[in-house]
Amino acid sequence: MENRTVAVVLFEGFELLDVFGPVELLSVLPDHFTIVMLGPTGEPVASHQGTRIVPDTACTAAPAADIVLVPGGFGTRRLVTEEGFLTWLREYCADAEVVASVCTGSALLAAAGLLDGHRATTNKRAYRWATGFGSDVDWQPVAR
């Protein structure tokens, strides 16, 4: 298996577990995955819990990624209406092999049009809110 670059998109108010659960799992195979943290700028990004993470690079300078991971968190509520972010996300994910989200990160993917024509699900507590995005998403209420 070749080494794949995994880009994790950080934003103000991201959920720590949504980032570091997958990162911990992928880090078990360091020869297979290179993890790159992306932030709005090169400055620290605060999670919803207050922990600040220093990204490896700003989103606008991000290297190409094989896999893009978009976490959830309360910060998604603001970003779903930020056209500049959604345009960047749509363009950045265009060449990725895999685009994935955790929890309400699915709302960002849907708002960017990246889930149109696909089955998707989201956090059940935020299901009603998150499923309001995307024009052609096959939202699955009972799925993981």
# chains A, B, ... in the order shown; residues from 1 in each chain; ligands from 1
>>> residues_around(residues="Ile67 (chain A)", least_positions_apart="3", cutoff="9 Å", atoms="only C-alpha atoms", output="list in words")
Arg4, Thr5, Val6, Ala7, Val8, Cys93, Ala96, Glu97, Val98, Val99 and Ala100 of chain A
>>> select_by_dssp(residues="region 69-132 of chain A", states="helix (DSSP H, G or I)", output="list in words")
Thr76, Arg77, Arg78, Leu79, Glu83, Gly84, Phe85, Leu86, Thr87, Trp88, Leu89, Arg90, Glu91, Tyr92, Cys93, Gly105, Ser106, Ala107, Leu108, Leu109, Ala110, Ala111, Lys124, Arg125, Ala126, Tyr127, Arg128, Trp129 and Ala130 of chain A
>>> residues_around(residues="region 54-62 of chain A", least_positions_apart="4", cutoff="8 Å", atoms="only C-alpha atoms", output="list in words")
Val9, Leu10, Val36, Met37, Leu38, Gly39, Pro40, Thr41, Gly42, Glu43, Pro44, Val45 and Trp88 of chain A
>>> write_last_selection(atoms="N, CA and C atoms", output="PDB file, in the first residue's frame")
ATOM      1  N   VAL A   9      -9.232  19.079   7.943  1.00  0.00           N
ATOM      2  CA  VAL A   9      -9.644  20.473   7.862  1.00  0.00           C
ATOM      3  C   VAL A   9     -10.065  20.956   9.251  1.00  0.00           C
ATOM      4  N   LEU A  10      -9.267  21.859   9.810  1.00  0.00           N
ATOM      5  CA  LEU A  10      -9.586  22.440  11.118  1.00  0.00           C
ATOM      6  C   LEU A  10     -10.287  23.782  10.924  1.00  0.00           C
ATOM      7  N   VAL A  36      -1.826  15.719   7.561  1.00  0.00           N
ATOM      8  CA  VAL A  36      -1.554  17.151   7.461  1.00  0.00           C
ATOM      9  C   VAL A  36      -2.758  17.889   8.025  1.00  0.00           C
ATOM     10  N   MET A  37      -2.512  18.749   9.005  1.00  0.00           N
ATOM     11  CA  MET A  37      -3.576  19.561   9.595  1.00  0.00           C
ATOM     12  C   MET A  37      -3.648  20.891   8.845  1.00  0.00           C
ATOM     13  N   LEU A  38      -4.852  21.234   8.370  1.00  0.00           N
ATOM     14  CA  LEU A  38      -5.071  22.481   7.648  1.00  0.00           C
ATOM     15  C   LEU A  38      -5.878  23.434   8.521  1.00  0.00           C
ATOM     16  N   GLY A  39      -5.516  24.691   8.517  1.00  0.00           N
ATOM     17  CA  GLY A  39      -6.267  25.685   9.266  1.00  0.00           C
ATOM     18  C   GLY A  39      -6.579  26.882   8.402  1.00  0.00           C
ATOM     19  N   PRO A  40      -7.462  27.755   8.880  1.00  0.00           N
ATOM     20  CA  PRO A  40      -7.795  28.953   8.110  1.00  0.00           C
ATOM     21  C   PRO A  40      -6.542  29.786   7.792  1.00  0.00           C
ATOM     22  N   THR A  41      -5.620  29.814   8.733  1.00  0.00           N
ATOM     23  CA  THR A  41      -4.321  30.475   8.562  1.00  0.00           C
ATOM     24  C   THR A  41      -3.306  29.542   9.209  1.00  0.00           C
ATOM     25  N   GLY A  42      -2.093  29.967   9.341  1.00  0.00           N
ATOM     26  CA  GLY A  42      -1.104  29.156  10.049  1.00  0.00           C
ATOM     27  C   GLY A  42      -1.191  29.312  11.555  1.00  0.00           C
ATOM     28  N   GLU A  43      -2.107  30.130  12.011  1.00  0.00           N
ATOM     29  CA  GLU A  43      -2.274  30.393  13.442  1.00  0.00           C
ATOM     30  C   GLU A  43      -3.044  29.268  14.125  1.00  0.00           C
ATOM     31  N   PRO A  44      -2.882  29.115  15.451  1.00  0.00           N
ATOM     32  CA  PRO A  44      -3.629  28.079  16.182  1.00  0.00           C
ATOM     33  C   PRO A  44      -5.140  28.203  15.975  1.00  0.00           C
ATOM     34  N   VAL A  45      -5.789  27.047  15.955  1.00  0.00           N
ATOM     35  CA  VAL A  45      -7.235  26.970  15.755  1.00  0.00           C
ATOM     36  C   VAL A  45      -7.832  26.375  17.023  1.00  0.00           C
ATOM     37  N   TRP A  88     -13.698  26.990  -1.460  1.00  0.00           N
ATOM     38  CA  TRP A  88     -12.375  26.390  -1.255  1.00  0.00           C
ATOM     39  C   TRP A  88     -12.507  24.878  -1.030  1.00  0.00           C
TER      40      TRP A  88
END
>>> closest_residue(among="A:Leu17, A:Leu115, A:Arg78, A:Pro71", to="Arg90 (chain A)", atoms="only C-alpha atoms")
A:Leu115
>>> residues_around(residues="Val142 (chain A)", least_positions_apart="4", cutoff="10 Å", atoms="only C-alpha atoms", output="ChimeraX atom specification")
/A:121-122,124
>>> write_last_selection(atoms="C-alpha atoms", output="short mmCIF file (atom, residue, chain, number, x, y, z; two decimals), in the first residue's frame")
data_model
loop_
_atom_site.label_atom_id
_atom_site.label_comp_id
_atom_site.auth_asym_id
_atom_site.auth_seq_id
_atom_site.Cartn_x
_atom_site.Cartn_y
_atom_site.Cartn_z
CA THR A 121 -25.74 10.43 7.30
CA THR A 122 -24.86 12.68 10.20
CA LYS A 124 -28.61 12.06 14.96
#
>>> atom_distance(atom1="CA of Tyr92 (chain A)", atom2="CA of Gly132 (chain A)")
22.9 Å
>>> residues_around(residues="Arg119 (chain A)", least_positions_apart="6", cutoff="8 Å", atoms="only C-alpha atoms", output="number ranges by chain")
A: 137-140
>>> select_by_dssp(residues="region 28-129 of chain A", states="strand (DSSP E)", output="VMD selection string")
chain A and resid 33 to 39 45 to 46 52 to 53 57 to 58 67 to 70 98 to 101 119 to 120
>>> closest_residue(among="A:Ala46, A:Ile35, A:Leu109, A:Ala120", to="Phe74 (chain A)", atoms="only C-alpha atoms")
A:Ala46
>>> atom_distance(atom1="CA of Arg128 (chain A)", atom2="CA of Gly13 (chain A)")
20.0 Å
>>> residues_around(residues="Asn123 (chain A)", least_positions_apart="6", cutoff="9 Å", atoms="only C-alpha atoms", output="VMD selection string")
chain A and resid 72 102 to 104 106 130 144
>>> atom_distance(atom1="CA of Arg77 (chain A)", atom2="CA of Arg52 (chain A)")
19.1 Å
>>> closest_residue(among="A:Tyr127, A:Gly105, A:Ala94, A:Ala65", to="Ala143 (chain A)", atoms="only C-alpha atoms")
A:Tyr127
